[in-house]
Structures are given as C-alpha cells and as structure tokens.
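What's in query.txt: compact mmCIF, C-alpha atoms
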```
# COMPACT_ATOMS: atom_id res chain seq x y z
CA MET A 1 149.62 -41.52 22.66
CA ALA A 2 146.08 -40.17 22.29
CA TYR A 3 145.72 -41.74 18.84
CA ALA A 4 146.99 -45.06 20.16
CA ARG A 5 144.42 -44.98 22.97
CA ARG A 6 141.68 -44.30 20.45
CA VAL A 7 142.78 -47.17 18.19
CA LEU A 8 143.04 -49.65 21.05
CA HIS A 9 139.64 -48.69 22.40
CA LEU A 10 138.10 -48.91 18.93
CA LEU A 11 139.44 -52.47 18.64
CA ASP A 12 137.85 -53.30 22.00
CA ALA A 13 134.58 -51.72 20.86
CA MET A 14 134.62 -53.72 17.63
CA ALA A 15 135.21 -56.96 19.54
CA ALA A 16 132.29 -56.16 21.87
CA GLU A 17 130.14 -55.32 18.83
CA VAL A 18 130.86 -58.72 17.31
CA ARG A 19 130.06 -60.52 20.57
CA GLY A 20 126.84 -58.55 20.89
CA ALA A 21 125.83 -59.30 17.31
CA GLU A 22 126.27 -63.02 17.99
CA ARG A 23 123.82 -62.66 20.90
CA GLY A 24 121.48 -60.39 18.95
CA ARG A 25 122.05 -57.40 21.22
CA ILE A 26 124.05 -54.19 21.56
CA GLU A 27 126.73 -54.36 24.22
CA GLY A 28 130.14 -53.05 25.16
CA PRO A 29 131.86 -50.22 27.06
CA LEU A 30 130.74 -46.62 26.66
CA ARG A 31 132.77 -43.79 28.20
CA ILE A 32 131.02 -40.43 28.44
CA ALA A 33 132.55 -37.07 29.33
CA ALA A 34 130.04 -34.43 30.42
CA PHE A 35 130.11 -31.05 32.11
CA ARG A 36 128.46 -30.86 35.52
CA SER A 37 124.92 -29.70 34.73
CA ALA A 38 124.64 -32.11 31.79
CA ALA A 39 125.81 -34.98 34.00
CA LEU A 40 123.25 -34.01 36.63
CA HIS A 41 120.22 -33.17 34.54
CA LEU A 42 120.55 -34.71 31.06
CA LEU A 43 122.37 -38.00 31.38
CA PRO A 44 120.43 -39.75 34.18
CA GLU A 45 117.24 -40.05 32.12
CA ALA A 46 119.09 -40.97 28.94
CA LEU A 47 121.22 -43.58 30.68
CA GLY A 48 118.22 -45.02 32.48
CA ARG A 49 116.46 -45.69 29.19
CA LEU A 50 119.69 -46.91 27.61
CA ARG A 51 120.14 -49.46 30.40
CA GLU A 52 116.56 -50.69 30.02
CA ARG A 53 116.88 -51.20 26.28
CA HIS A 54 120.49 -52.35 26.18
CA PRO A 55 121.57 -53.84 29.53
CA GLY A 56 124.80 -55.05 27.95
CA ILE A 57 126.13 -51.51 27.52
CA ASP A 58 128.53 -50.59 30.32
CA ALA A 59 128.21 -46.79 30.46
CA ARG A 60 130.54 -44.74 32.64
CA VAL A 61 130.45 -40.98 33.11
CA LYS A 62 133.32 -38.62 33.83
CA VAL A 63 132.51 -35.04 34.84
CA VAL A 64 134.80 -32.57 33.05
CA ARG A 65 135.00 -28.80 33.32
CA GLU A 66 133.82 -27.28 30.04
CA VAL A 67 136.76 -24.91 29.67
CA GLY A 68 139.59 -25.09 27.18
CA ALA A 69 139.30 -28.30 25.20
CA GLY A 70 136.60 -29.44 27.65
CA THR A 71 134.68 -32.64 27.04
CA GLY A 72 135.65 -32.72 23.37
CA GLY A 73 139.29 -32.78 24.42
CA GLU A 74 138.62 -35.93 26.44
CA VAL A 75 137.27 -37.61 23.30
CA LEU A 76 140.22 -36.46 21.18
CA ALA A 77 142.63 -37.74 23.83
CA GLY A 78 141.00 -41.18 23.72
CA ARG A 79 139.74 -40.96 27.30
CA ALA A 80 136.05 -40.79 26.32
CA ASP A 81 133.89 -42.09 23.48
CA VAL A 82 131.27 -39.34 23.60
CA GLY A 83 131.37 -35.83 25.01
CA ILE A 84 128.36 -33.79 26.05
CA ALA A 85 129.57 -30.34 25.09
CA THR A 86 128.54 -26.75 24.56
CA ILE A 87 128.76 -26.26 20.80
CA GLY A 88 127.73 -23.63 18.32
CA GLU A 89 129.07 -20.80 16.17
CA THR A 90 131.29 -19.45 18.92
CA SER A 91 132.06 -22.88 20.41
CA PRO A 92 132.78 -24.96 17.30
CA ILE A 93 133.26 -28.70 17.35
CA LEU A 94 136.96 -29.42 17.71
CA PRO A 95 138.81 -30.49 14.53
CA GLY A 96 138.85 -34.26 14.26
CA LEU A 97 135.44 -34.69 15.90
CA THR A 98 131.88 -34.90 14.65
CA GLY A 99 128.67 -34.02 16.49
CA ASP A 100 125.36 -32.22 16.55
CA VAL A 101 123.23 -29.95 18.73
CA LEU A 102 120.75 -31.63 21.07
CA ARG A 103 119.07 -28.60 22.62
CA GLU A 104 119.27 -24.85 22.97
CA GLU A 105 118.59 -23.13 26.25
CA ALA A 106 118.12 -19.53 27.24
CA TYR A 107 119.93 -17.63 29.96
CA ALA A 108 117.86 -16.03 32.72
CA PHE A 109 118.32 -13.46 35.47
CA VAL A 110 118.49 -15.30 38.80
CA HIS A 111 118.15 -13.52 42.13
CA PRO A 112 116.88 -13.98 45.69
CA ALA A 113 113.09 -14.17 45.74
CA GLY A 114 111.44 -11.05 47.12
CA HIS A 115 114.55 -8.87 47.04
CA PRO A 116 113.47 -5.22 46.57
CA ASP A 117 116.33 -4.35 44.18
CA PRO A 118 118.05 -7.51 42.90
CA ARG A 119 120.04 -5.63 40.26
CA SER A 120 121.91 -3.86 43.03
CA LEU A 121 123.36 -7.17 44.26
CA PRO A 122 126.87 -8.31 43.34
CA LEU A 123 127.20 -10.68 40.41
CA VAL A 124 128.08 -14.29 41.22
CA ASP A 125 129.64 -16.27 38.37
CA TRP A 126 131.70 -19.38 37.53
CA VAL A 127 134.32 -19.96 34.88
CA GLU A 128 132.30 -22.42 32.76
CA ASN A 129 129.25 -20.20 32.53
CA CYS A 130 129.29 -19.03 28.93
CA GLY A 131 131.25 -18.49 25.76
CA SER A 132 132.22 -15.43 23.82
CA TYR A 133 128.77 -14.86 22.31
CA THR A 134 127.10 -14.57 25.72
CA ARG A 135 129.98 -12.51 27.09
CA ARG A 136 129.45 -10.01 24.26
CA TRP A 137 125.78 -9.81 25.20
CA TRP A 138 126.77 -9.20 28.81
CA SER A 139 129.10 -6.36 27.80
CA GLU A 140 126.17 -4.58 26.15
CA GLN A 141 124.07 -4.64 29.35
CA ASP A 142 125.00 -1.65 31.48
CA TRP A 143 123.07 -3.04 34.46
CA ILE A 144 125.22 -6.17 34.77
CA PRO A 145 128.32 -5.46 36.88
CA ARG A 146 131.64 -7.22 36.70
CA ALA A 147 131.55 -10.45 38.71
CA THR A 148 132.82 -9.90 42.24
CA VAL A 149 132.24 -13.48 43.43
CA GLU A 150 133.44 -16.48 41.40
CA THR A 151 132.60 -20.00 42.54
CA GLY A 152 133.66 -23.46 41.45
CA ASP A 153 130.48 -24.47 39.64
CA ASP A 154 126.88 -23.55 38.87
CA GLY A 155 125.57 -25.36 41.96
CA ALA A 156 127.63 -23.10 44.19
CA VAL A 157 126.35 -20.04 42.29
CA LEU A 158 122.75 -21.11 42.86
CA SER A 159 123.46 -21.69 46.55
CA MET A 160 125.00 -18.22 46.91
CA VAL A 161 122.03 -16.59 45.19
CA SER A 162 119.57 -18.62 47.26
CA ALA A 163 121.26 -17.39 50.44
CA GLY A 164 120.88 -13.77 49.30
CA HIS A 165 124.55 -13.12 48.58
CA GLY A 166 124.16 -12.03 44.97
CA MET A 167 122.46 -12.37 41.61
CA ALA A 168 123.52 -14.33 38.53
CA ILE A 169 122.92 -14.90 34.83
CA MET A 170 122.47 -18.65 34.33
CA PRO A 171 121.31 -21.10 31.63
CA GLU A 172 118.15 -23.17 32.04
CA LEU A 173 119.86 -26.48 32.68
CA SER A 174 121.75 -25.06 35.65
CA LEU A 175 118.43 -23.93 37.14
CA THR A 176 116.84 -27.38 37.20
CA GLY A 177 115.38 -27.91 40.66
CA ALA A 178 116.10 -24.35 41.80
CA PRO A 179 114.73 -23.77 45.33
CA PRO A 180 111.75 -21.43 45.97
CA SER A 181 114.14 -18.95 47.60
CA VAL A 182 115.42 -18.20 44.10
CA GLN A 183 113.47 -16.16 41.55
CA ILE A 184 114.09 -16.71 37.84
CA THR A 185 113.32 -13.76 35.57
CA ASP A 186 113.19 -13.91 31.77
CA LEU A 187 115.74 -11.64 30.09
CA GLY A 188 113.43 -10.81 27.20
CA PRO A 189 113.44 -11.48 23.46
CA ASP A 190 117.11 -10.57 23.05
CA ARG A 191 118.30 -12.95 25.78
CA PRO A 192 121.34 -15.08 24.97
CA PHE A 193 121.22 -18.83 24.40
CA ARG A 194 123.70 -21.67 24.52
CA SER A 195 123.68 -24.89 22.51
CA ILE A 196 124.36 -28.29 24.05
CA GLY A 197 125.23 -31.27 21.92
CA TRP A 198 127.23 -34.45 21.54
CA VAL A 199 130.67 -34.95 20.02
CA THR A 200 132.59 -38.08 19.13
CA THR A 201 135.18 -39.29 16.63
CA PRO A 202 134.05 -40.21 13.10
CA GLU A 203 135.07 -43.84 13.63
CA LEU A 204 133.13 -44.19 16.90
CA ALA A 205 130.06 -42.38 15.52
CA GLY A 206 129.12 -45.50 13.62
CA THR A 207 129.40 -47.95 16.51
CA PRO A 208 126.15 -49.39 17.90
CA VAL A 209 126.79 -48.29 21.51
CA VAL A 210 127.44 -44.66 20.55
CA ARG A 211 124.47 -44.59 18.18
CA ALA A 212 122.26 -46.01 20.94
CA LEU A 213 123.28 -43.24 23.36
CA ILE A 214 122.73 -40.53 20.77
CA ARG A 215 119.22 -41.86 20.10
CA GLU A 216 118.37 -41.62 23.80
CA LEU A 217 119.82 -38.12 24.08
CA ARG A 218 117.79 -36.94 21.08
CA GLU A 219 114.60 -38.23 22.69
CA LEU A 220 115.06 -36.15 25.82
CA LYS A 221 112.51 -33.43 26.31
CA GLY A 222 114.18 -30.08 25.72
```
Take the structure in the file and write it out as structure tokens.
Amino acid sequence: MAYARRVLHLLDAMAAEVRGAERGRIEGPLRIAAFRSAALHLLPEALGRLRERHPGIDARVKVVREVGAGTGGEVLAGRADVGIATIGETSPILPGLTGDVLREEAYAFVHPAGHPDPRSLPLVDWVENCGSYTRRWWSEQDWIPRATVETGDDGAVLSMVSAGHGMAIMPELSLTGAPPSVQITDLGPDRPFRSIGWVTTPELAGTPVVRALIRELRELKG
C-alpha cells in the first residue's frame, strides 16, 4: 500500500513537472512532514522564499512526532515527499531514503532566570527530546536527575521552566523566542549536539519541487 501511494504520487508529480516545464516554471504539490520545532522555526522562512520564487508549488506541512519512524516513516509510507528529521550516527536515515544534514545544534541547560540553585530543580523533559547519543551524555552527568515531569512537547517544557517548575536540557531550535524569564546556560565544550536534515525517496530527490525546497532549506541561517 505504501509503495502504491508513492508510485501514484510520483506520477502526479511528473505530470505537474511537465505542465510546469511547458509554462517555464516549477510547480506541483509538495507534502512535508516535520517535527514541531522544525515546523515552527525552520520551515516558515524556507517556505516563504519558496512561495516567492515558485508560486506554483503547493506546499503543505504535517507536524509529526519524531519518535519511532518519525518523519522519515511518513515519507516511506507515501504520505509525505520530504521529511525534516533528526539524523546522524545514532539516528541514521531509514533504509530506502536519501538525505543530508542541514544544521547541527547544541543542547543547553535551561532554567528559571535568577533561581539561586537551578540544578536543584526537577528535570522537565519530553519524549522527542534526544536520541541515544545525548542520552548517553546525560547518563554521565551526575548532576542531572531522572526526569520527574514529562510533557507533550518542547513548548510545554519551556513553559514549565519559565513558570519556575523545573529545569531542562534542550536543543537550540526549541529555545527560539524563549522568554526573558528563562535563562539559557552553555553546557561547555563537551555539550551534546543533534543534527537536523532532510530525507526523501531517491525517485523524489530528483524532482524540481523537492530540489527547490532543499535549496531553500540549505540557505537558512544556522
């Protein structure tokens, strides 16, 4: 079923490519699966420029939890053309897909501003936060307790920390627009990182609409 969806959508994409070529432009549907912070803080700028340059591209975004197969699984299942995913040595690109890293971002210690002893606060976390590499780093830090509060997403974590209910270890993208009530502290030279990139199928990687999106994503300021 997933393969059939992919084939049918590829045929639609090819037909749109031919129509666009006849008009001298790039056009057609573009389905994007992205995890929450990427959808909030990476895609708006990229899609804004994409729309300006190629108004015939009909881009639609689906927010997907980056757990299990995550956004890459949506692409494999034929429900998305491109996934914005966490990828790297410990989060490899799923078999059957191709992709590349767009940016790397560091994790930071996040706590209520002005708190006299933020490390004494309970740890607030969410299931998507990090992969096995970062978890191993966490296990080596004797000052980081086991999470006692788990929320639905990174926005809820930031809200809990802002209200003084705990501290957290969060990646840079999740801290975009953090309020002044939150203090962000560098974890030092040995801090963990995560890699964010794009994934798609080999056959879709060569289509004009997918290539156009990848170009815009690569031009984003990291």
Task: Near-Gly70 (chain A) list (12 Å; only C-alpha atoms; drop same-chain fewer than 4 positions) as a list in words - done: Ala33, Ala34, Phe35, Arg36, Lys62, Val63, Val64, Arg65, Glu66, Glu74, Val75, Leu76, Ala77, Arg79, Ala80, Val82, Gly83, Ile84, Ala85, Thr86, Ile87, Ser91, Pro92, Ile93, Leu94, Glu128 and Val199 of chain A
Open item on the list: One decimal, in Å: what's the spacing between CA of Val61 (chain A) and CA of Gly99 (chain A)?
Closed with: 18.1 Å
TODO: With a distance cut-off of 9 Å and all atoms listed in the file, select the neighbouring residues of Leu42 (chain A), excluding the residue or stretch itself and same-chain residues fewer than 6 positions from it, and output the selection as a PyMOL selection string.
DONE: chain A and resi 173+217+220
Open item on the list: Taking only C-alpha atoms into account, name the residue in A:Asp186, A:Ala39, A:Val149, A:Gly164 that is nearest to Pro116 (chain A).
Closed with: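 With only C-alpha atoms as the atom set, the closest residue is A:Gly164.
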Task: Nearest to His111 (chain A), chosen from A:Ser174, A:Ser159, A:Asn129, A:Gln183, with all atoms listed in the file counted in the distances - done: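 So, comparing all the options, the nearest one is A:Gln183.
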TODO: Show which residues sit within 9 Å of Pro202 (chain A), as a PyMOL selection string. Count only C-alpha atoms, and ignore same-chain residues fewer than 3 positions away.
DONE: chain A and resi 96-99+205-206
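Distances from A:Asp190, A:Asp125, A:Glu140, A:Glu172 to Gly152 (chain A) were compared using all atoms listed in the file, and the smallest one belongs to A:Asp125.
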Task: Straight-line distance linking CA of Glu150 (chain A) with CA of His115 (chain A), stated in Å to one decimal - done: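 Interatomic distance here is 21.1 Å.
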TODO: Find the distance between CA of Leu187 (chain A) and CA of His41 (chain A) and write it in Å to one decimal.
DONE: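 Computing the Euclidean distance for CA of Leu187 (chain A) and CA of His41 (chain A) yields 22.4 Å.
Take the candidates A:Ala38, A:Asp100, A:Ile144, A:Gly28 and check each one against Ile214 (chain A) using all atoms listed in the file; the shortest distance goes to A:Asp100.
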- [ ] Could you tell me which of A:Gln141, A:Pro112, A:His165, A:Glu105 comes closest to Ser195 (chain A) if we count all atoms listed in the file?
- [x]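 Closest to Ser195 (chain A), using all atoms listed in the file: A:Glu105.
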